[in-house]
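Below is upload-v5.json, which holds JSON, C-alpha atoms and all ligand atoms.
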```json
[["chain", "number", "residue", "atom", "x", "y", "z"],
["V", 1, "MET", "CA", -23.28, 3.84, 34.81],
["V", 2, "LEU", "CA", -23.74, 7.52, 35.75],
["V", 3, "LYS", "CA", -26.36, 7.28, 38.51],
["V", 4, "ASN", "CA", -26.32, 10.35, 40.80],
["V", 5, "LYS", "CA", -23.84, 12.17, 38.56],
["V", 6, "VAL", "CA", -24.36, 15.72, 37.32],
["V", 7, "ALA", "CA", -22.92, 16.45, 33.89],
["V", 8, "VAL", "CA", -22.45, 19.57, 31.78],
["V", 9, "VAL", "CA", -22.08, 19.16, 28.01],
["V", 10, "THR", "CA", -21.13, 22.15, 25.86],
["V", 11, "GLY", "CA", -22.36, 22.07, 22.27],
["V", 12, "GLY", "CA", -25.05, 19.67, 23.47],
["V", 13, "THR", "CA", -27.78, 20.82, 21.11],
["V", 14, "ARG", "CA", -26.91, 18.66, 18.11],
["V", 15, "GLY", "CA", -24.43, 16.24, 16.58],
["V", 16, "ILE", "CA", -21.94, 14.48, 18.83],
["V", 17, "GLY", "CA", -22.85, 16.60, 21.87],
["V", 18, "TYR", "CA", -26.55, 15.75, 21.60],
["V", 19, "ALA", "CA", -25.73, 12.03, 21.38],
["V", 20, "VAL", "CA", -23.53, 12.36, 24.48],
["V", 21, "VAL", "CA", -26.31, 14.12, 26.38],
["V", 22, "LYS", "CA", -28.78, 11.36, 25.48],
["V", 23, "LYS", "CA", -26.32, 8.60, 26.35],
["V", 24, "PHE", "CA", -25.60, 10.17, 29.75],
["V", 25, "LEU", "CA", -29.35, 10.59, 30.43],
["V", 26, "ASP", "CA", -29.99, 6.96, 29.48],
["V", 27, "ASN", "CA", -27.33, 6.02, 32.04],
["V", 28, "GLY", "CA", -28.93, 7.90, 34.92],
["V", 29, "ALA", "CA", -27.12, 11.25, 34.92],
["V", 30, "THR", "CA", -28.66, 14.68, 35.39],
["V", 31, "VAL", "CA", -27.47, 16.70, 32.40],
["V", 32, "VAL", "CA", -27.21, 20.42, 31.73],
["V", 33, "LEU", "CA", -26.66, 20.97, 28.03],
["V", 34, "CYS", "CA", -25.16, 24.26, 26.84],
["V", 35, "GLY", "CA", -26.05, 25.77, 23.50],
["V", 36, "SER", "CA", -24.95, 29.03, 21.94],
["V", 37, "ARG", "CA", -28.57, 30.30, 21.90],
["V", 38, "ASP", "CA", -31.54, 29.92, 24.29],
["V", 39, "GLU", "CA", -33.73, 28.76, 21.45],
["V", 40, "THR", "CA", -31.53, 25.85, 20.30],
["V", 41, "ALA", "CA", -30.98, 24.76, 23.92],
["V", 42, "ARG", "CA", -34.75, 24.79, 24.53],
["V", 43, "GLN", "CA", -35.43, 22.85, 21.32],
["V", 44, "ALA", "CA", -32.88, 20.18, 22.24],
["V", 45, "VAL", "CA", -34.44, 19.75, 25.70],
["V", 46, "GLU", "CA", -37.94, 19.51, 24.17],
["V", 47, "GLN", "CA", -36.76, 16.84, 21.74],
["V", 48, "LEU", "CA", -35.19, 14.82, 24.57],
["V", 49, "LYS", "CA", -38.27, 15.17, 26.80],
["V", 50, "GLN", "CA", -40.42, 13.90, 23.93],
["V", 51, "GLU", "CA", -38.28, 10.79, 23.83],
["V", 52, "ASN", "CA", -38.44, 10.32, 27.59],
["V", 53, "PRO", "CA", -40.35, 12.71, 29.87],
["V", 54, "ASP", "CA", -38.41, 11.37, 32.88],
["V", 55, "TYR", "CA", -35.04, 12.60, 31.62],
["V", 56, "ARG", "CA", -33.43, 15.00, 34.12],
["V", 57, "VAL", "CA", -32.19, 17.55, 31.60],
["V", 58, "GLU", "CA", -31.91, 21.32, 31.49],
["V", 59, "GLY", "CA", -30.78, 23.55, 28.64],
["V", 60, "ILE", "CA", -28.86, 26.80, 29.07],
["V", 61, "SER", "CA", -27.06, 29.18, 26.77],
["V", 62, "VAL", "CA", -23.71, 30.49, 27.94],
["V", 63, "ASP", "CA", -21.17, 32.70, 26.20],
["V", 64, "LEU", "CA", -18.26, 30.26, 26.10],
["V", 65, "LEU", "CA", -15.85, 33.13, 25.49],
["V", 66, "SER", "CA", -16.73, 34.76, 28.84],
["V", 67, "PRO", "CA", -14.99, 33.22, 31.85],
["V", 68, "GLU", "CA", -17.28, 35.25, 34.16],
["V", 69, "ASP", "CA", -20.48, 33.92, 32.57],
["V", 70, "ILE", "CA", -19.14, 30.36, 32.64],
["V", 71, "ASN", "CA", -18.15, 30.62, 36.32],
["V", 72, "GLU", "CA", -21.59, 31.95, 37.21],
["V", 73, "ALA", "CA", -23.39, 29.25, 35.19],
["V", 74, "PHE", "CA", -21.35, 26.40, 36.71],
["V", 75, "GLU", "CA", -21.78, 27.77, 40.26],
["V", 76, "ASN", "CA", -25.54, 27.91, 39.66],
["V", 77, "ILE", "CA", -25.52, 24.30, 38.47],
["V", 78, "ASN", "CA", -23.58, 23.22, 41.55],
["V", 79, "ALA", "CA", -25.97, 25.12, 43.84],
["V", 80, "LYS", "CA", -29.06, 23.69, 42.12],
["V", 81, "TYR", "CA", -28.03, 20.04, 41.70],
["V", 82, "GLY", "CA", -25.50, 19.65, 44.53],
["V", 83, "SER", "CA", -22.43, 18.76, 42.44],
["V", 84, "LEU", "CA", -20.76, 19.02, 39.06],
["V", 85, "ASP", "CA", -19.19, 15.63, 38.39],
["V", 86, "ILE", "CA", -18.64, 15.50, 34.65],
["V", 87, "LEU", "CA", -17.71, 18.21, 32.14],
["V", 88, "VAL", "CA", -17.72, 17.51, 28.41],
["V", 89, "ASN", "CA", -15.98, 20.26, 26.43],
["V", 90, "ASN", "CA", -17.52, 19.52, 23.07],
["V", 91, "ALA", "CA", -18.57, 22.80, 21.39],
["V", 92, "GLY", "CA", -16.40, 23.42, 18.37],
["V", 93, "ILE", "CA", -16.17, 24.75, 14.85],
["V", 94, "SER", "CA", -14.10, 23.53, 11.92],
["V", 95, "ALA", "CA", -12.32, 25.24, 9.01],
["V", 96, "THR", "CA", -11.36, 24.52, 5.41],
["V", 97, "ASP", "CA", -9.48, 27.76, 4.54],
["V", 98, "SER", "CA", -6.32, 27.74, 2.48],
["V", 99, "ILE", "CA", -3.29, 29.34, 4.16],
["V", 100, "TYR", "CA", -3.06, 31.73, 1.18],
["V", 101, "THR", "CA", -6.47, 33.27, 1.84],
["V", 102, "TYR", "CA", -6.93, 32.52, 5.56],
["V", 103, "ASP", "CA", -8.35, 35.57, 7.34],
["V", 104, "PRO", "CA", -6.35, 35.92, 10.60],
["V", 105, "GLY", "CA", -9.60, 36.85, 12.38],
["V", 106, "LYS", "CA", -11.08, 33.46, 11.44],
["V", 107, "PHE", "CA", -7.98, 31.72, 12.73],
["V", 108, "GLU", "CA", -8.43, 33.55, 16.04],
["V", 109, "ASN", "CA", -12.14, 32.61, 16.18],
["V", 110, "ILE", "CA", -11.39, 28.93, 15.97],
["V", 111, "ILE", "CA", -8.74, 29.13, 18.67],
["V", 112, "ASP", "CA", -11.18, 31.13, 20.84],
["V", 113, "LEU", "CA", -13.93, 28.50, 20.78],
["V", 114, "ASN", "CA", -11.98, 25.26, 20.34],
["V", 115, "VAL", "CA", -9.18, 26.05, 22.80],
["V", 116, "ASN", "CA", -9.79, 29.11, 24.99],
["V", 117, "ALA", "CA", -13.36, 28.08, 25.84],
["V", 118, "VAL", "CA", -12.12, 24.61, 26.82],
["V", 119, "PHE", "CA", -9.67, 26.29, 29.19],
["V", 120, "TYR", "CA", -12.34, 28.61, 30.67],
["V", 121, "CYS", "CA", -14.88, 25.81, 31.22],
["V", 122, "THR", "CA", -12.26, 23.50, 32.67],
["V", 123, "GLN", "CA", -11.06, 26.18, 35.06],
["V", 124, "ALA", "CA", -14.61, 26.89, 36.26],
["V", 125, "ALA", "CA", -15.46, 23.20, 36.68],
["V", 126, "THR", "CA", -12.26, 22.24, 38.48],
["V", 127, "LYS", "CA", -12.87, 24.88, 41.17],
["V", 128, "ILE", "CA", -16.03, 22.92, 42.04],
["V", 129, "MET", "CA", -14.69, 19.40, 41.43],
["V", 130, "LYS", "CA", -11.65, 19.99, 43.66],
["V", 131, "CYS", "CA", -13.96, 20.40, 46.68],
["V", 132, "GLN", "CA", -15.96, 17.21, 45.99],
["V", 133, "PRO", "CA", -14.99, 13.89, 47.62],
["V", 134, "GLY", "CA", -15.59, 12.14, 44.28],
["V", 135, "GLY", "CA", -13.48, 14.62, 42.31],
["V", 136, "GLY", "CA", -14.59, 14.78, 38.70],
["V", 137, "SER", "CA", -14.17, 13.67, 35.12],
["V", 138, "ILE", "CA", -13.47, 16.04, 32.24],
["V", 139, "ILE", "CA", -13.68, 14.84, 28.65],
["V", 140, "ASN", "CA", -12.64, 17.00, 25.73],
["V", 141, "THR", "CA", -13.71, 16.46, 22.15],
["V", 142, "SER", "CA", -10.52, 16.30, 20.13],
["V", 143, "SER", "CA", -10.30, 14.90, 16.59],
["V", 144, "MET", "CA", -8.37, 12.41, 14.51],
["V", 145, "VAL", "CA", -6.74, 15.47, 12.88],
["V", 146, "SER", "CA", -5.09, 16.21, 16.25],
["V", 147, "ILE", "CA", -2.63, 13.45, 15.46],
["V", 148, "TYR", "CA", -1.75, 13.94, 11.80],
["V", 149, "GLY", "CA", -3.03, 17.41, 10.88],
["V", 150, "GLN", "CA", -5.16, 18.07, 7.81],
["V", 151, "ALA", "CA", -4.46, 19.54, 4.37],
["V", 152, "THR", "CA", -6.77, 22.59, 4.62],
["V", 153, "GLY", "CA", -8.13, 24.78, 7.39],
["V", 154, "SER", "CA", -4.97, 24.57, 9.49],
["V", 155, "GLY", "CA", -6.64, 26.41, 12.39],
["V", 156, "TYR", "CA", -8.81, 23.37, 13.08],
["V", 157, "PRO", "CA", -6.10, 20.74, 13.58],
["V", 158, "THR", "CA", -4.00, 23.33, 15.38],
["V", 159, "SER", "CA", -6.85, 23.83, 17.87],
["V", 160, "LYS", "CA", -7.22, 20.09, 18.42],
["V", 161, "PHE", "CA", -3.47, 19.62, 18.98],
["V", 162, "ALA", "CA", -3.91, 22.23, 21.72],
["V", 163, "VAL", "CA", -6.88, 20.32, 23.15],
["V", 164, "ASN", "CA", -4.66, 17.25, 23.44],
["V", 165, "GLY", "CA", -2.00, 19.38, 25.14],
["V", 166, "LEU", "CA", -4.52, 20.64, 27.69],
["V", 167, "THR", "CA", -5.82, 17.10, 28.23],
["V", 168, "LYS", "CA", -2.45, 15.51, 28.89],
["V", 169, "SER", "CA", -1.11, 18.42, 30.96],
["V", 170, "LEU", "CA", -4.18, 18.90, 33.14],
["V", 171, "ALA", "CA", -4.41, 15.14, 33.74],
["V", 172, "ARG", "CA", -0.98, 15.43, 35.32],
["V", 173, "GLU", "CA", -1.80, 18.58, 37.26],
["V", 174, "LEU", "CA", -5.20, 17.45, 38.56],
["V", 175, "GLY", "CA", -4.61, 13.79, 39.43],
["V", 176, "LYS", "CA", -3.90, 14.75, 43.04],
["V", 177, "ASP", "CA", -7.39, 16.26, 43.26],
["V", 178, "ASN", "CA", -9.03, 13.10, 41.88],
["V", 179, "ILE", "CA", -9.99, 14.89, 38.68],
["V", 180, "ARG", "CA", -9.50, 12.82, 35.54],
["V", 181, "VAL", "CA", -9.00, 14.55, 32.18],
["V", 182, "ASN", "CA", -9.33, 12.61, 28.93],
["V", 183, "ALA", "CA", -10.23, 13.27, 25.30],
["V", 184, "VAL", "CA", -12.12, 11.44, 22.61],
["V", 185, "ALA", "CA", -10.67, 11.87, 19.12],
["V", 186, "PRO", "CA", -13.52, 11.20, 16.67],
["V", 187, "GLY", "CA", -12.92, 10.30, 13.07],
["V", 188, "VAL", "CA", -15.28, 11.47, 10.35],
["V", 189, "THR", "CA", -18.68, 11.52, 12.04],
["V", 190, "ASN", "CA", -22.13, 11.88, 10.55],
["V", 191, "THR", "CA", -23.09, 15.38, 11.84],
["V", 192, "ASP", "CA", -23.89, 18.86, 10.46],
["V", 193, "MET", "CA", -20.19, 19.75, 10.76],
["V", 194, "VAL", "CA", -19.28, 17.04, 8.27],
["V", 195, "SER", "CA", -22.18, 17.63, 5.87],
["V", 196, "ALA", "CA", -20.93, 21.25, 5.65],
["V", 197, "LEU", "CA", -17.52, 20.13, 4.36],
["V", 198, "PRO", "CA", -16.87, 19.93, 0.61],
["V", 199, "ASP", "CA", -16.61, 16.51, -1.04],
["V", 200, "ASP", "CA", -12.94, 16.99, -1.86],
["V", 201, "VAL", "CA", -12.24, 17.13, 1.89],
["V", 202, "ILE", "CA", -14.51, 14.27, 3.01],
["V", 203, "ALA", "CA", -14.06, 11.73, 0.20],
["V", 204, "PRO", "CA", -10.31, 11.20, 0.75],
["V", 205, "LEU", "CA", -10.94, 10.86, 4.48],
["V", 206, "ILE", "CA", -13.60, 8.18, 4.02],
["V", 207, "ALA", "CA", -11.32, 6.29, 1.64],
["V", 208, "THR", "CA", -8.85, 5.79, 4.51],
["V", 209, "ILE", "CA", -11.35, 4.16, 6.90],
["V", 210, "PRO", "CA", -10.65, 0.43, 7.30],
["V", 211, "LEU", "CA", -14.08, -0.14, 8.90],
["V", 212, "GLY", "CA", -15.60, 1.17, 5.66],
["V", 213, "ARG", "CA", -17.99, 3.78, 7.03],
["V", 214, "VAL", "CA", -18.10, 7.12, 8.79],
["V", 215, "GLY", "CA", -18.77, 7.13, 12.52],
["V", 216, "GLU", "CA", -22.20, 7.79, 13.97],
["V", 217, "PRO", "CA", -22.66, 10.22, 16.88],
["V", 218, "GLU", "CA", -23.60, 7.24, 19.07],
["V", 219, "ASP", "CA", -20.25, 5.57, 18.34],
["V", 220, "MET", "CA", -18.65, 8.65, 19.91],
["V", 221, "ALA", "CA", -21.15, 8.87, 22.78],
["V", 222, "ASN", "CA", -20.27, 5.33, 23.87],
["V", 223, "ALA", "CA", -16.63, 6.36, 24.31],
["V", 224, "PHE", "CA", -17.61, 9.47, 26.29],
["V", 225, "LEU", "CA", -19.81, 7.32, 28.55],
["V", 226, "PHE", "CA", -16.95, 4.92, 29.26],
["V", 227, "LEU", "CA", -14.49, 7.72, 30.07],
["V", 228, "ALA", "CA", -17.05, 9.56, 32.22],
["V", 229, "SER", "CA", -17.91, 6.47, 34.24],
["V", 230, "ASP", "CA", -16.16, 4.76, 37.12],
["V", 231, "MET", "CA", -15.18, 1.98, 34.69],
["V", 232, "ALA", "CA", -12.44, 4.41, 33.58],
["V", 233, "SER", "CA", -11.41, 5.26, 37.14],
["V", 234, "TYR", "CA", -7.69, 4.59, 36.43],
["V", 235, "ILE", "CA", -7.65, 6.30, 33.02],
["V", 236, "THR", "CA", -6.49, 9.90, 32.78],
["V", 237, "GLY", "CA", -4.48, 11.81, 30.19],
["V", 238, "ALA", "CA", -5.72, 9.53, 27.40],
["V", 239, "VAL", "CA", -6.71, 10.66, 23.92],
["V", 240, "LEU", "CA", -8.95, 7.84, 22.70],
["V", 241, "PRO", "CA", -9.28, 7.53, 18.92],
["V", 242, "VAL", "CA", -12.80, 6.52, 17.81],
["V", 243, "ASP", "CA", -12.20, 6.59, 14.07],
["V", 244, "GLY", "CA", -12.46, 3.11, 12.57],
["V", 245, "ALA", "CA", -8.62, 3.20, 12.35],
["V", 246, "ALA", "CA", -8.84, 6.03, 9.81],
["V", 247, "ARG", "CA", -5.38, 7.51, 10.07],
["V", 248, "SER", "CA", -3.96, 9.11, 6.98],
["V", 301, "LIG", "P1", -21.99, 20.29, 15.09],
["V", 301, "LIG", "O1", -21.71, 21.44, 14.22],
["V", 301, "LIG", "O2", -23.10, 19.35, 14.76],
["V", 301, "LIG", "O3", -22.19, 20.76, 16.61],
["V", 301, "LIG", "C1", -21.35, 21.73, 17.16],
["V", 301, "LIG", "C2", -21.87, 22.14, 18.51],
["V", 301, "LIG", "O4", -21.06, 23.24, 18.97],
["V", 301, "LIG", "C3", -23.32, 22.65, 18.45],
["V", 301, "LIG", "O5", -24.03, 22.18, 19.57],
["V", 301, "LIG", "C4", -23.16, 24.17, 18.51],
["V", 301, "LIG", "O6", -24.25, 24.79, 19.18],
["V", 301, "LIG", "C5", -21.89, 24.33, 19.32],
["V", 301, "LIG", "N1", -21.28, 25.60, 18.99],
["V", 301, "LIG", "C6", -20.80, 26.01, 17.78],
["V", 301, "LIG", "N2", -20.36, 27.28, 17.87],
["V", 301, "LIG", "C7", -20.57, 27.68, 19.16],
["V", 301, "LIG", "C8", -20.32, 28.87, 19.87],
["V", 301, "LIG", "N3", -19.75, 29.93, 19.31],
["V", 301, "LIG", "N4", -20.65, 28.91, 21.18],
["V", 301, "LIG", "C9", -21.20, 27.85, 21.79],
["V", 301, "LIG", "N5", -21.46, 26.67, 21.18],
["V", 301, "LIG", "C10", -21.14, 26.60, 19.87],
["V", 301, "LIG", "O7", -20.62, 19.52, 15.17],
["V", 301, "LIG", "P2", -20.18, 18.08, 15.69],
["V", 301, "LIG", "O8", -19.67, 17.36, 14.52],
["V", 301, "LIG", "O9", -21.18, 17.45, 16.56],
["V", 301, "LIG", "O10", -18.90, 18.54, 16.53],
["V", 301, "LIG", "C11", -18.82, 18.46, 17.91],
["V", 301, "LIG", "C12", -17.36, 18.35, 18.29],
["V", 301, "LIG", "O11", -16.80, 17.20, 17.68],
["V", 301, "LIG", "C13", -16.51, 19.54, 17.85],
["V", 301, "LIG", "O12", -15.59, 19.87, 18.88],
["V", 301, "LIG", "C14", -15.77, 18.98, 16.64],
["V", 301, "LIG", "O13", -14.55, 19.63, 16.44],
["V", 301, "LIG", "C15", -15.61, 17.54, 17.03],
["V", 301, "LIG", "N6", -15.35, 16.62, 15.94],
["V", 301, "LIG", "C16", -16.29, 16.38, 14.98],
["V", 301, "LIG", "C17", -16.01, 15.48, 13.96],
["V", 301, "LIG", "C18", -17.01, 15.16, 12.89],
["V", 301, "LIG", "O14", -16.63, 14.49, 11.93],
["V", 301, "LIG", "N7", -18.25, 15.60, 13.01],
["V", 301, "LIG", "C19", -14.78, 14.83, 13.92],
["V", 301, "LIG", "C20", -13.85, 15.10, 14.90],
["V", 301, "LIG", "C21", -14.14, 15.98, 15.91]]
```
Take the structure in the file and give it back as structure tokens.
Amino acid sequence: MLKNKVAVVTGGTRGIGYAVVKKFLDNGATVVLCGSRDETARQAVEQLKQENPDYRVEGISVDLLSPEDINEAFENINAKYGSLDILVNNAGISATDSIYTYDPGKFENIIDLNVNAVFYCTQAATKIMKCQPGGGSIINTSSMVSIYGQATGSGYPTSKFAVNGLTKSLARELGKDNIRVNAVAPGVTNTDMVSALPDDVIAPLIATIPLGRVGEPEDMANAFLFLASDMASYITGAVLPVDGAARS
């Protein structure tokens, strides 16, 4: 489904991002995964190559809070592989802080990575995609909490509401350049991010899931594959819930 496509996935070293990288590779894409450190990026590539030595995958570490570094990295990718067709803005952190004790610096950190970095990466990628006959596809990782909020860690849902805002607005702005912008809104998914959350946050969430289980990273990766592919060629500005209907 992604033959001859070049994809960049931020936060591709583990969890949902890693599953997306693998799914894209299995569907013929060349993938550059971005980690926050060289070492984790290298380890993720090694793990993938062990599974299939023919995977066309490279790992890089980029400071996602530096627009200059991101521009340089994406220009290098374009020069090396000949295009940048798909961008997955997936790197993110969560929060569980109470408003009464929330350190404003921590609130800013979450907005920096979950929102500002999405803007920086999107800006860098669209400069390249605009000049390509095939345009491009951008997929942001939102969250089910982007629809209803959550009872602790208000910075996290706030950041994902902003991701939806960027998704819907840029879909409108970039349609004329054949660049599609969509988001996947995962429900509770079986990754490190979720195992780090306390039981009193996760248990009530799981209790609301009609399908009776948490999502697996591959459940999410399937949605990213669909939105990245030409099968979604008339879909832009969508925020696709992949949450087993878990809305509270
Ligand atoms: P994870 O913690 O397993 O992975 C997070 C990824 O982000 C890692 O690859 C990590 O290297 C990267 N990252 C973290 N801080 C970074 C930084 N400062 N700079 C660069 N990269 C950084 O989490 P996950 O569950 O796979 O989450 C991935 C995305 O999915 C996030 O955007 C998250 O908000 C979203 N999400 C997760 C769930 C869930 O239940 N797991 C639900 C909804 C949305």
Fill in: Within 7 Å of ligand LIG 301 (chain V), counting all atoms listed in the file, residues as number ranges by chain
V: 10-17, 35-36, 63-64, 90-94, 113-114, 141-144, 185-194
Determine, for each residue of stretch 59-122 of chain V having at least one atom at most 12 Å from an atom of stretch 170-173 of chain V, the closest pair of atoms and their separation in Å to one decimal, counting only C-alpha atoms; order by chain and ascending number, as CSV.
```
residue,atom,partner,partner_atom,distance
V:Val118,CA,V:Leu170,CA,11.6
V:Phe119,CA,V:Leu170,CA,10.0
V:Thr122,CA,V:Leu170,CA,9.3
```
Worksheet entry | Separation of atom CA of V:Gln123 from atom CA of V:Asn71, in Å and rounded to one decimal | 8.5 Å
Worksheet item: Taking into account all atoms listed in the file, which residue in the set V:Ala124, V:Ala203, V:Ala7, V:Ala95 is nearest to V:Ile139?
Response: V:Ala7
Discussion item. Between V:Val145, V:Ala245, V:Val6, V:Leu87, which residue has the minimum interatomic distance to V:Pro210, considering only C-alpha atoms?
Written reply: V:Ala245
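Each of V:Glu46, V:Glu58, V:Asp200, V:Asp85 was compared to V:Asp230 using all atoms listed in the file, and V:Asp85 turns out to be the nearest.
Between atom CA of V:Gln47 and atom CA of V:Val9 the separation is 16.1 Å.
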Worksheet entry | Who sits within 10 Å of stretch 27-33 of chain V, only C-alpha atoms, same chain under 5 positions skipped, as a PyMOL selection string | chain V and resi 1-13+17-18+20-22+41-42+44-45+55-62+74+77+81+84-88+225+229
Discussion item. List the spatial neighbours of V:Asp177 as a VMD selection string - criterion: any atom at most 9 Å away, all atoms listed in the file, same-chain residues fewer than 5 positions off excluded.
Written reply: chain V and resid 129 to 131 135 to 136
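Distance annotation: of V:Gly155, V:Pro204, V:Gly134, V:Gly105, the residue with the minimal separation from V:Ser233 is V:Gly134; atom set is only C-alpha atoms.
For the choices V:Ala246, V:Leu48, V:Leu227, V:Ala162, the atom-to-atom distance to V:Thr208 is smallest for V:Ala246 when using all atoms listed in the file.
We find atom CA of V:Ile110 and atom CA of V:Thr152 to be spaced 13.8 Å apart.
Comparing V:Asp199, V:Asp219, V:Asp54, V:Glu72 by their smallest distance to V:Thr96, the closest is V:Asp199 (using only C-alpha atoms).
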Calculate, to one decimal in Å, the centre and edge lengths of the box along x, y and z of the file that holds all listed atoms of stretch 139-158 of chain V with 4 Å of margin on each side, and present them as lines of an AutoDock Vina configuration file.
```
center_x = -7.7
center_y = 19.4
center_z = 16.5
size_x = 20.0
size_y = 22.0
size_z = 32.3
```
Practice prompt. Pull the neighbourhood of (-5.4, 23.0, 21.6) for me: all residues within 9 Å in file coordinates, counting all atoms listed in the file, as a ChimeraX atom specification.
Written response: /V:111,114-116,118,142,146,157-167
Limit the output to C-alpha atoms and give stretch 163-231 of chain V as a PDB file, in the first residue's frame.
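part-v2.pdb, freshly written:
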```pdb
ATOM      1  CA  VAL V 163      -3.515  18.782  17.653  1.00  0.00           C
ATOM      2  CA  ASN V 164      -7.076  18.392  16.359  1.00  0.00           C
ATOM      3  CA  GLY V 165      -7.195  22.137  15.694  1.00  0.00           C
ATOM      4  CA  LEU V 166      -3.989  21.969  13.660  1.00  0.00           C
ATOM      5  CA  THR V 167      -5.261  18.898  11.805  1.00  0.00           C
ATOM      6  CA  LYS V 168      -8.581  20.389  10.766  1.00  0.00           C
ATOM      7  CA  SER V 169      -7.168  23.839   9.969  1.00  0.00           C
ATOM      8  CA  LEU V 170      -4.158  22.668   7.976  1.00  0.00           C
ATOM      9  CA  ALA V 171      -6.338  20.215   6.031  1.00  0.00           C
ATOM     10  CA  ARG V 172      -8.255  23.246   4.825  1.00  0.00           C
ATOM     11  CA  GLU V 173      -5.153  25.320   4.144  1.00  0.00           C
ATOM     12  CA  LEU V 174      -3.166  22.601   2.359  1.00  0.00           C
ATOM     13  CA  GLY V 175      -5.808  20.860   0.243  1.00  0.00           C
ATOM     14  CA  LYS V 176      -4.882  23.048  -2.725  1.00  0.00           C
ATOM     15  CA  ASP V 177      -1.323  21.679  -2.540  1.00  0.00           C
ATOM     16  CA  ASN V 178      -2.543  18.056  -2.494  1.00  0.00           C
ATOM     17  CA  ILE V 179      -1.387  17.620   1.084  1.00  0.00           C
ATOM     18  CA  ARG V 180      -3.807  15.681   3.269  1.00  0.00           C
ATOM     19  CA  VAL V 181      -3.784  16.176   7.046  1.00  0.00           C
ATOM     20  CA  ASN V 182      -5.548  13.719   9.345  1.00  0.00           C
ATOM     21  CA  ALA V 183      -5.278  12.455  12.908  1.00  0.00           C
ATOM     22  CA  VAL V 184      -5.729   9.148  14.655  1.00  0.00           C
ATOM     23  CA  ALA V 185      -7.269   9.412  18.123  1.00  0.00           C
ATOM     24  CA  PRO V 186      -6.219   6.275  20.014  1.00  0.00           C
ATOM     25  CA  GLY V 187      -8.043   5.042  23.057  1.00  0.00           C
ATOM     26  CA  VAL V 188      -6.187   3.369  25.909  1.00  0.00           C
ATOM     27  CA  THR V 189      -3.337   1.538  24.191  1.00  0.00           C
ATOM     28  CA  ASN V 190      -0.958  -1.063  25.552  1.00  0.00           C
ATOM     29  CA  THR V 191       2.331   0.949  25.593  1.00  0.00           C
ATOM     30  CA  ASP V 192       4.888   2.274  28.113  1.00  0.00           C
ATOM     31  CA  MET V 193       2.883   5.513  28.334  1.00  0.00           C
ATOM     32  CA  VAL V 194      -0.112   3.636  29.688  1.00  0.00           C
ATOM     33  CA  SER V 195       1.824   1.307  32.003  1.00  0.00           C
ATOM     34  CA  ALA V 196       3.268   4.483  33.591  1.00  0.00           C
ATOM     35  CA  LEU V 197      -0.211   5.734  34.539  1.00  0.00           C
ATOM     36  CA  PRO V 198      -1.652   4.956  37.982  1.00  0.00           C
ATOM     37  CA  ASP V 199      -4.465   2.404  38.274  1.00  0.00           C
ATOM     38  CA  ASP V 200      -6.965   5.025  39.384  1.00  0.00           C
ATOM     39  CA  VAL V 201      -6.533   6.708  35.990  1.00  0.00           C
ATOM     40  CA  ILE V 202      -6.532   3.582  33.788  1.00  0.00           C
ATOM     41  CA  ALA V 203      -9.166   1.403  35.488  1.00  0.00           C
ATOM     42  CA  PRO V 204     -12.086   3.823  34.965  1.00  0.00           C
ATOM     43  CA  LEU V 205     -11.019   4.260  31.339  1.00  0.00           C
ATOM     44  CA  ILE V 206     -10.982   0.516  30.657  1.00  0.00           C
ATOM     45  CA  ALA V 207     -14.392   0.159  32.289  1.00  0.00           C
ATOM     46  CA  THR V 208     -15.856   2.382  29.552  1.00  0.00           C
ATOM     47  CA  ILE V 209     -14.597   0.285  26.611  1.00  0.00           C
ATOM     48  CA  PRO V 210     -17.469  -1.563  24.909  1.00  0.00           C
ATOM     49  CA  LEU V 211     -15.030  -3.845  23.053  1.00  0.00           C
ATOM     50  CA  GLY V 212     -13.798  -4.998  26.471  1.00  0.00           C
ATOM     51  CA  ARG V 213     -10.057  -4.538  26.039  1.00  0.00           C
ATOM     52  CA  VAL V 214      -7.378  -1.905  25.627  1.00  0.00           C
ATOM     53  CA  GLY V 215      -6.052  -1.265  22.133  1.00  0.00           C
ATOM     54  CA  GLU V 216      -2.838  -2.792  20.869  1.00  0.00           C
ATOM     55  CA  PRO V 217      -0.254  -0.651  19.032  1.00  0.00           C
ATOM     56  CA  GLU V 218      -1.046  -2.622  15.866  1.00  0.00           C
ATOM     57  CA  ASP V 219      -4.721  -1.606  16.082  1.00  0.00           C
ATOM     58  CA  MET V 220      -3.486   1.989  15.833  1.00  0.00           C
ATOM     59  CA  ALA V 221      -0.902   1.239  13.131  1.00  0.00           C
ATOM     60  CA  ASN V 222      -3.631  -0.148  10.855  1.00  0.00           C
ATOM     61  CA  ALA V 223      -5.458   3.187  11.001  1.00  0.00           C
ATOM     62  CA  PHE V 224      -2.264   5.123  10.249  1.00  0.00           C
ATOM     63  CA  LEU V 225      -1.599   2.854   7.265  1.00  0.00           C
ATOM     64  CA  PHE V 226      -5.069   3.471   5.856  1.00  0.00           C
ATOM     65  CA  LEU V 227      -4.813   7.259   6.250  1.00  0.00           C
ATOM     66  CA  ALA V 228      -1.278   7.324   4.806  1.00  0.00           C
ATOM     67  CA  SER V 229      -2.247   5.286   1.756  1.00  0.00           C
ATOM     68  CA  ASP V 230      -3.992   6.232  -1.472  1.00  0.00           C
ATOM     69  CA  MET V 231      -7.064   4.368  -0.181  1.00  0.00           C
TER      70      MET V 231
END
```
